[in-house]
$ cat input23.tsv   # TSV, C-alpha atoms
chain	number	residue	atom	x	y	z
Y	1	MET	CA	0.00	0.00	0.00
Y	2	GLU	CA	1.17	3.51	-0.78
Y	3	GLU	CA	2.06	5.40	2.39
Y	4	LYS	CA	-0.12	8.44	3.00
Y	5	VAL	CA	1.68	11.74	2.46
Y	6	PHE	CA	0.77	14.46	4.93
Y	7	ARG	CA	0.90	18.25	4.47
Y	8	ASN	CA	1.32	18.10	0.69
Y	9	TYR	CA	0.24	21.61	-0.22
Y	10	ASP	CA	1.31	21.16	-3.84
Y	11	ALA	CA	-1.03	18.23	-4.50
Y	12	VAL	CA	-3.23	18.68	-7.55
Y	13	ASP	CA	-6.35	17.99	-5.50
Y	14	ILE	CA	-5.52	20.47	-2.74
Y	15	SER	CA	-8.60	22.42	-1.74
Y	16	ALA	CA	-8.83	25.96	-3.11
Y	17	ALA	CA	-10.12	26.90	0.33
Y	18	VAL	CA	-6.81	25.81	1.91
Y	19	LYS	CA	-4.77	28.04	-0.39
Y	20	GLU	CA	-7.15	30.95	0.04
Y	21	HIS	CA	-6.94	30.51	3.80
Y	22	TYR	CA	-3.17	30.93	3.71
Y	23	ARG	CA	-3.38	33.91	1.36
Y	24	LYS	CA	-5.63	35.74	3.82
Y	25	MET	CA	-3.54	34.65	6.80
Y	26	ARG	CA	-0.29	35.92	5.28
Y	27	LYS	CA	-1.88	39.19	4.16
Y	28	ASN	CA	-3.71	40.04	7.38
Y	29	GLN	CA	-1.49	38.73	10.19
Y	30	THR	CA	0.58	41.83	10.90
Y	31	VAL	CA	2.14	43.22	14.09
Y	32	ASP	CA	-0.83	45.54	14.51
Y	33	TYR	CA	-3.37	42.75	14.01
Y	34	VAL	CA	-1.67	40.44	16.53
Y	35	GLN	CA	-1.56	43.21	19.13
Y	36	ARG	CA	-5.28	43.86	18.61
Y	37	MET	CA	-6.13	40.18	19.02
Y	38	HIS	CA	-4.17	39.99	22.28
Y	39	LYS	CA	-6.20	42.90	23.64
Y	40	LYS	CA	-9.47	41.43	22.40
Y	41	TYR	CA	-9.11	37.79	23.45
Y	42	LEU	CA	-6.80	37.68	26.46
Y	43	ASN	CA	-9.26	39.00	29.03
Y	44	PHE	CA	-10.11	35.58	30.52
Y	45	ASP	CA	-13.67	36.64	31.34
Y	46	LYS	CA	-15.65	33.73	29.85
Y	47	PRO	CA	-15.90	30.73	32.23
Y	48	MET	CA	-16.58	27.42	30.49
Y	49	PRO	CA	-15.97	23.83	31.66
Y	50	LEU	CA	-13.31	21.87	29.80
Y	51	TRP	CA	-15.65	19.22	28.45
Y	52	GLU	CA	-18.12	21.78	27.19
Y	53	ALA	CA	-15.29	23.30	25.17
Y	54	MET	CA	-14.48	19.84	23.79
Y	55	VAL	CA	-18.09	19.38	22.69
Y	56	HIS	CA	-18.00	22.68	20.79
Y	57	LEU	CA	-15.16	21.38	18.61
Y	58	ASN	CA	-17.70	18.95	17.15
Y	59	ASP	CA	-18.90	22.03	15.26
Y	60	LEU	CA	-15.58	23.06	13.74
Y	61	ILE	CA	-13.67	21.66	10.76
Y	62	ASP	CA	-10.20	23.17	10.33
Y	63	VAL	CA	-10.21	24.68	6.84
Y	64	SER	CA	-6.38	24.93	6.80
Y	65	ASP	CA	-5.79	21.18	7.19
Y	66	PRO	CA	-5.26	19.34	3.89
Y	67	ASP	CA	-5.18	15.92	5.58
Y	68	ILE	CA	-8.46	15.53	7.46
Y	69	ASN	CA	-12.03	16.71	6.94
Y	70	LEU	CA	-13.57	15.68	10.26
Y	71	PRO	CA	-14.77	17.79	13.19
Y	72	ASN	CA	-11.69	18.94	15.08
Y	73	VAL	CA	-12.57	17.00	18.21
Y	74	GLN	CA	-11.90	13.78	16.30
Y	75	HIS	CA	-8.33	14.85	15.53
Y	76	LEU	CA	-7.79	15.56	19.22
Y	77	ILE	CA	-9.04	12.13	20.27
Y	78	GLN	CA	-6.98	10.42	17.56
Y	79	SER	CA	-3.84	12.19	18.83
Y	80	ALA	CA	-4.55	11.36	22.48
Y	81	GLU	CA	-5.35	7.71	21.82
Y	82	ALA	CA	-2.12	7.22	19.86
Y	83	ILE	CA	-0.11	8.76	22.71
Y	84	ARG	CA	-1.98	6.56	25.16
Y	85	GLU	CA	-1.36	3.44	23.06
Y	86	ASP	CA	2.37	4.15	23.12
Y	87	GLY	CA	2.33	4.26	26.90
Y	88	ARG	CA	3.43	7.88	27.14
Y	89	PRO	CA	2.85	9.86	30.39
Y	90	ASP	CA	-0.69	10.84	31.34
Y	91	TRP	CA	0.08	14.57	31.01
Y	92	MET	CA	1.14	13.99	27.38
Y	93	GLN	CA	-2.04	12.03	26.67
Y	94	LEU	CA	-4.02	14.98	28.02
Y	95	THR	CA	-1.97	17.39	25.94
Y	96	GLY	CA	-2.86	15.39	22.83
Y	97	LEU	CA	-6.52	15.59	23.75
Y	98	LEU	CA	-6.50	19.34	24.40
Y	99	HIS	CA	-3.81	20.85	22.19
Y	100	ASP	CA	-6.21	22.43	19.67
Y	101	LEU	CA	-8.79	23.54	22.21
Y	102	GLY	CA	-8.00	27.21	21.59
Y	103	LYS	CA	-10.11	26.89	18.46
Y	104	VAL	CA	-13.18	27.42	20.66
Y	105	MET	CA	-12.30	31.03	19.95
Y	106	PHE	CA	-14.82	30.75	17.12
Y	107	LEU	CA	-17.64	30.89	19.70
Y	108	TRP	CA	-16.98	34.61	20.22
Y	109	GLY	CA	-15.00	35.26	17.05
Y	110	SER	CA	-15.87	37.27	13.95
Y	111	ASP	CA	-15.43	37.06	10.19
Y	112	GLU	CA	-13.57	40.38	10.28
Y	113	ASP	CA	-10.94	39.02	12.67
Y	114	GLY	CA	-10.62	35.68	10.88
Y	115	THR	CA	-11.79	33.91	14.02
Y	116	SER	CA	-15.14	32.47	12.93
Y	117	GLN	CA	-16.30	29.20	11.40
Y	118	ALA	CA	-16.43	30.86	7.98
Y	119	GLU	CA	-13.18	32.86	8.24
Y	120	GLN	CA	-10.46	30.98	10.13
Y	121	TRP	CA	-7.26	32.78	9.06
Y	122	GLY	CA	-6.84	34.25	12.56
Y	123	MET	CA	-7.38	30.95	14.32
Y	124	VAL	CA	-5.84	27.97	12.49
Y	125	GLY	CA	-2.92	27.17	10.19
Y	126	ASP	CA	0.87	27.28	10.39
Y	127	VAL	CA	2.02	30.32	12.34
Y	128	PHE	CA	5.05	32.54	11.76
Y	129	VAL	CA	6.79	35.38	13.60
Y	130	VAL	CA	5.37	38.86	13.13
Y	131	GLY	CA	7.79	41.78	13.41
Y	132	CYS	CA	10.57	40.33	11.25
Y	133	ALA	CA	11.08	39.05	7.71
Y	134	LEU	CA	8.86	36.18	6.60
Y	135	PRO	CA	10.88	33.09	5.56
Y	136	ASP	CA	10.45	30.97	2.44
Y	137	SER	CA	9.64	28.00	4.71
Y	138	CYS	CA	6.11	29.38	5.16
Y	139	VAL	CA	3.39	27.47	3.32
Y	140	TYR	CA	2.89	29.26	-0.03
Y	141	PRO	CA	5.82	31.69	0.40
Y	142	GLU	CA	4.60	33.60	-2.66
Y	143	PHE	CA	2.01	35.16	-0.34
Y	144	ASN	CA	4.68	36.70	1.92
Y	145	GLU	CA	4.83	39.88	-0.16
Y	146	LEU	CA	1.13	40.54	0.52
Y	147	ASN	CA	1.91	41.29	4.18
Y	148	LYS	CA	2.24	45.08	4.52
Y	149	ASP	CA	4.81	44.67	7.30
Y	150	MET	CA	7.20	43.42	4.62
Y	151	GLN	CA	7.24	46.97	3.19
Y	152	ASP	CA	8.02	48.42	6.64
Y	153	SER	CA	11.73	48.82	7.45
Y	154	ARG	CA	11.04	48.14	11.13
Y	155	TYR	CA	9.74	44.67	10.37
Y	156	ASN	CA	11.23	43.36	7.11
Y	157	THR	CA	14.74	42.38	8.23
Y	158	PRO	CA	15.84	39.00	9.61
Y	159	LEU	CA	15.87	40.39	13.18
Y	160	GLY	CA	13.15	43.01	12.79
Y	161	ILE	CA	12.05	44.26	16.22
Y	162	TYR	CA	13.89	41.45	18.05
Y	163	GLU	CA	17.38	40.92	19.41
Y	164	GLU	CA	19.61	38.13	18.19
Y	165	GLY	CA	19.22	35.02	20.35
Y	166	CYS	CA	16.24	36.41	22.26
Y	167	GLY	CA	14.47	33.02	22.22
Y	168	LEU	CA	11.03	31.77	21.21
Y	169	ASP	CA	9.33	32.91	24.39
Y	170	ASN	CA	10.10	36.54	23.51
Y	171	LEU	CA	8.69	36.41	19.98
Y	172	ASN	CA	5.25	37.47	18.80
Y	173	LEU	CA	3.74	34.74	16.66
Y	174	ALA	CA	0.83	35.04	14.29
Y	175	TRP	CA	-2.38	34.93	16.27
Y	176	GLY	CA	-4.08	31.55	16.49
Y	177	HIS	CA	-5.38	28.77	18.68
Y	178	ASP	CA	-1.90	27.81	19.96
Y	179	GLU	CA	-1.07	31.12	21.61
Y	180	TYR	CA	-4.65	31.62	22.76
Y	181	PHE	CA	-4.91	28.29	24.60
Y	182	TYR	CA	-1.40	28.64	26.00
Y	183	GLN	CA	-2.35	32.00	27.52
Y	184	VAL	CA	-5.67	30.64	28.80
Y	185	LEU	CA	-3.86	27.80	30.60
Y	186	ASN	CA	-1.13	30.13	31.82
Y	187	ASN	CA	-3.86	32.20	33.46
Y	188	HIS	CA	-5.60	29.10	34.92
Y	189	LYS	CA	-4.55	28.93	38.56
Y	190	GLU	CA	-5.20	25.19	38.88
Y	191	ASN	CA	-3.02	24.31	35.89
Y	192	SER	CA	-0.15	22.00	36.84
Y	193	LEU	CA	0.79	20.72	33.38
Y	194	PRO	CA	4.58	20.39	33.00
Y	195	GLU	CA	6.68	22.78	30.94
Y	196	GLU	CA	6.87	20.24	28.11
Y	197	ALA	CA	3.08	20.24	27.73
Y	198	MET	CA	2.86	24.02	27.69
Y	199	ALA	CA	5.55	24.22	24.99
Y	200	MET	CA	3.75	21.58	22.91
Y	201	ILE	CA	0.52	23.57	23.12
Y	202	ARG	CA	2.16	26.91	22.34
Y	203	TYR	CA	4.41	25.93	19.44
Y	204	HIS	CA	2.90	22.90	17.70
Y	205	SER	CA	1.70	24.98	14.70
Y	206	PHE	CA	5.01	26.83	14.33
Y	207	TYR	CA	6.09	24.75	11.33
Y	208	PRO	CA	8.50	27.28	9.73
Y	209	TRP	CA	10.61	26.84	12.87
Y	210	HIS	CA	10.23	23.22	13.96
Y	211	SER	CA	10.04	21.71	10.47
Y	212	GLY	CA	11.36	24.46	8.20
Y	213	GLY	CA	14.50	25.29	10.18
Y	214	SER	CA	13.92	29.05	10.00
Y	215	TYR	CA	14.54	31.83	12.55
Y	216	LYS	CA	17.92	30.50	13.70
Y	217	GLN	CA	19.08	34.06	14.39
Y	218	LEU	CA	16.37	34.44	17.04
Y	219	LEU	CA	16.80	31.16	18.90
Y	220	ASN	CA	18.57	30.44	22.18
Y	221	GLU	CA	19.72	27.28	23.97
Y	222	LYS	CA	16.37	26.70	25.65
Y	223	ASP	CA	14.75	26.46	22.24
Y	224	GLU	CA	16.82	23.35	21.47
Y	225	GLN	CA	14.90	21.58	24.23
Y	226	TYR	CA	11.63	22.97	22.89
Y	227	LEU	CA	12.47	21.56	19.47
Y	228	GLU	CA	12.96	18.04	20.88
Y	229	TRP	CA	9.61	18.23	22.67
Y	230	ILE	CA	7.75	19.58	19.65
Y	231	LYS	CA	9.20	17.02	17.24
Y	232	ASP	CA	8.20	14.27	19.66
Y	233	PHE	CA	4.66	15.64	19.90
Y	234	ASN	CA	4.40	16.29	16.16
Y	235	LYS	CA	4.47	12.54	15.45
Y	236	TYR	CA	1.11	12.26	17.20
Y	237	ASP	CA	-0.32	15.56	15.99
Y	238	LEU	CA	0.34	14.86	12.31
Y	239	TYR	CA	0.65	11.15	11.61
Y	240	THR	CA	-2.41	9.97	13.56
Y	241	LYS	CA	-4.91	11.64	11.24
Y	242	SER	CA	-7.31	9.08	9.81
Y	243	PRO	CA	-11.00	8.53	8.95
Y	244	LYS	CA	-11.51	6.70	12.26
Y	245	THR	CA	-13.98	8.41	14.60
Y	246	TYR	CA	-14.66	8.17	18.32
Y	247	ASP	CA	-17.48	8.97	20.71
Y	248	LEU	CA	-16.40	11.81	22.99
Y	249	GLU	CA	-18.54	10.60	25.89
Y	250	GLU	CA	-17.06	7.10	25.69
Y	251	ILE	CA	-13.45	8.29	25.98
Y	252	ARG	CA	-14.33	10.85	28.66
Y	253	GLU	CA	-14.39	8.21	31.38
Y	254	TYR	CA	-10.66	7.63	30.90
Y	255	TYR	CA	-9.49	11.19	30.31
Y	256	GLN	CA	-11.58	13.18	32.80
Y	257	PRO	CA	-9.61	12.04	35.90
Y	258	ILE	CA	-6.38	13.00	34.13
Y	259	ALA	CA	-7.84	16.39	33.24
Y	260	GLU	CA	-8.91	16.96	36.84
Y	261	LYS	CA	-5.46	15.92	38.06
Y	262	TYR	CA	-3.71	18.64	36.04
Y	263	LEU	CA	-6.42	21.29	35.60
Y	264	GLY	CA	-8.76	20.85	38.56
Y	265	LYS	CA	-12.54	20.48	38.50
Y	266	GLY	CA	-13.62	24.09	38.07
Y	267	PRO	CA	-14.29	26.01	34.86
Y	268	ILE	CA	-11.54	27.45	32.73
Y	269	PHE	CA	-11.69	31.18	31.97
Y	270	TRP	CA	-11.42	31.81	28.27

$ encode --input "input23.tsv" --output "structure tokens"
Amino acid sequence: MEEKVFRNYDAVDISAAVKEHYRKMRKNQTVDYVQRMHKKYLNFDKPMPLWEAMVHLNDLIDVSDPDINLPNVQHLIQSAEAIREDGRPDWMQLTGLLHDLGKVMFLWGSDEDGTSQAEQWGMVGDVFVVGCALPDSCVYPEFNELNKDMQDSRYNTPLGIYEEGCGLDNLNLAWGHDEYFYQVLNNHKENSLPEEAMAMIRYHSFYPWHSGGSYKQLLNEKDEQYLEWIKDFNKYDLYTKSPKTYDLEEIREYYQPIAEKYLGKGPIFW
């Protein structure tokens, strides 16, 4: 049997919607836009239980993903179950189950911001650094020139607004579900997930770095450890995608105690 190829954005049958998604994302995700989204979404004033958030991802299909056309909650369960099958730690199983949960942003998102079911360019897809030159390792690099920051001398150099070796944690990435959920969990007082889990959540969509090898001038020693963690997690995030589906309520019995162990029993503030 021919092995399935993942993330083939040059395939002849690639959805026009996928390419259009990345065109809009590259054009609209500027320094100014990211700053506005931080102000809009990082208020943590919307309490919602974890499992309610999971249920909402039954209503979202990630338009940027060329490999799977199922509700996003199925991808999360597929990732978690593969991690579980390999006997990895319980916190990593939970990370697999929750890593895309920031996509619940669509519940209070808007078409204008790219954070709705119809317009997802501010919510999903491979992220990149804003505030410095866009690398050719971005999906569809021909769209890089559409970003107005690339005509701004403050932002269009390899370092841009950053200092050499400043490290990933000091960069501003394109706005999306990764950074949103990372910040939500960082604000959640009962969160006891290890540093590895938080890095996996924050950087799993940062493909130009962890798969493209870009931004070397901005990295520090700590980021070498991040890269090991992300590459380990990526095996489960990417290569577990399949047509197989699960019942969320059936798997909840196993995962809920793990969730309560690391996140407590109360609501999470989104």

$ atom_distance --input "input23.tsv" --atom1 "atom CA of Y:Phe128" --atom2 "atom CA of Y:Leu227"
15.3 Å

$ closest_residue --input "input23.tsv" --among "Y:Tyr215, Y:Phe233, Y:Trp270, Y:Trp209" --to "Y:Gly165" --atoms "all atoms listed in the file"
Y:Tyr215

$ residues_around --input "input23.tsv" --residues "Y:Gly114" --least-positions-apart "6" --cutoff "10 Å" --atoms "all atoms listed in the file" --output "mmCIF file with C-alpha atoms, in the coordinates of the input"
data_model
loop_
_atom_site.group_PDB
_atom_site.id
_atom_site.type_symbol
_atom_site.label_atom_id
_atom_site.label_comp_id
_atom_site.auth_asym_id
_atom_site.auth_seq_id
_atom_site.Cartn_x
_atom_site.Cartn_y
_atom_site.Cartn_z
ATOM 1 C CA HIS Y 21 -6.940 30.510 3.800
ATOM 2 C CA LYS Y 24 -5.630 35.740 3.820
ATOM 3 C CA MET Y 25 -3.540 34.650 6.800
ATOM 4 C CA ASN Y 28 -3.710 40.040 7.380
ATOM 5 C CA GLN Y 29 -1.490 38.730 10.190
ATOM 6 C CA PHE Y 106 -14.820 30.750 17.120
ATOM 7 C CA GLN Y 120 -10.460 30.980 10.130
ATOM 8 C CA TRP Y 121 -7.260 32.780 9.060
ATOM 9 C CA GLY Y 122 -6.840 34.250 12.560
ATOM 10 C CA MET Y 123 -7.380 30.950 14.320
ATOM 11 C CA VAL Y 124 -5.840 27.970 12.490
ATOM 12 C CA TRP Y 175 -2.380 34.930 16.270
ATOM 13 C CA GLY Y 176 -4.080 31.550 16.490
#

$ closest_residue --input "input23.tsv" --among "Y:Asn234, Y:Ser205, Y:Asn170, Y:Gln256" --to "Y:Ile83" --atoms "only C-alpha atoms"
Y:Asn234

$ atom_distance --input "input23.tsv" --atom1 "atom CA of Y:Ala17" --atom2 "atom CA of Y:Tyr140"
13.2 Å

$ atom_distance --input "input23.tsv" --atom1 "atom CA of Y:Ile251" --atom2 "atom CA of Y:His188"
24.0 Å

$ closest_residue --input "input23.tsv" --among "Y:Val184, Y:Leu98, Y:Val55, Y:Val127" --to "Y:Asn43" --atoms "all atoms listed in the file"
Y:Val184

$ closest_residue --input "input23.tsv" --among "Y:Pro158, Y:Gly125, Y:Pro47, Y:Pro267" --to "Y:Val18" --atoms "all atoms listed in the file"
Y:Gly125

$ closest_residue --input "input23.tsv" --among "Y:Asn72, Y:Phe269, Y:Ile61, Y:Asp237" --to "Y:Gln183" --atoms "all atoms listed in the file"
Y:Phe269

$ residues_around --input "input23.tsv" --residues "Y:Ser153" --least-positions-apart "5" --cutoff "12 Å" --atoms "all atoms listed in the file" --output "ChimeraX atom specification"
/Y:131-133,148,158-161

$ closest_residue --input "input23.tsv" --among "Y:Val130, Y:Leu168, Y:Leu263, Y:Leu219" --to "Y:Ser192" --atoms "all atoms listed in the file"
Y:Leu263
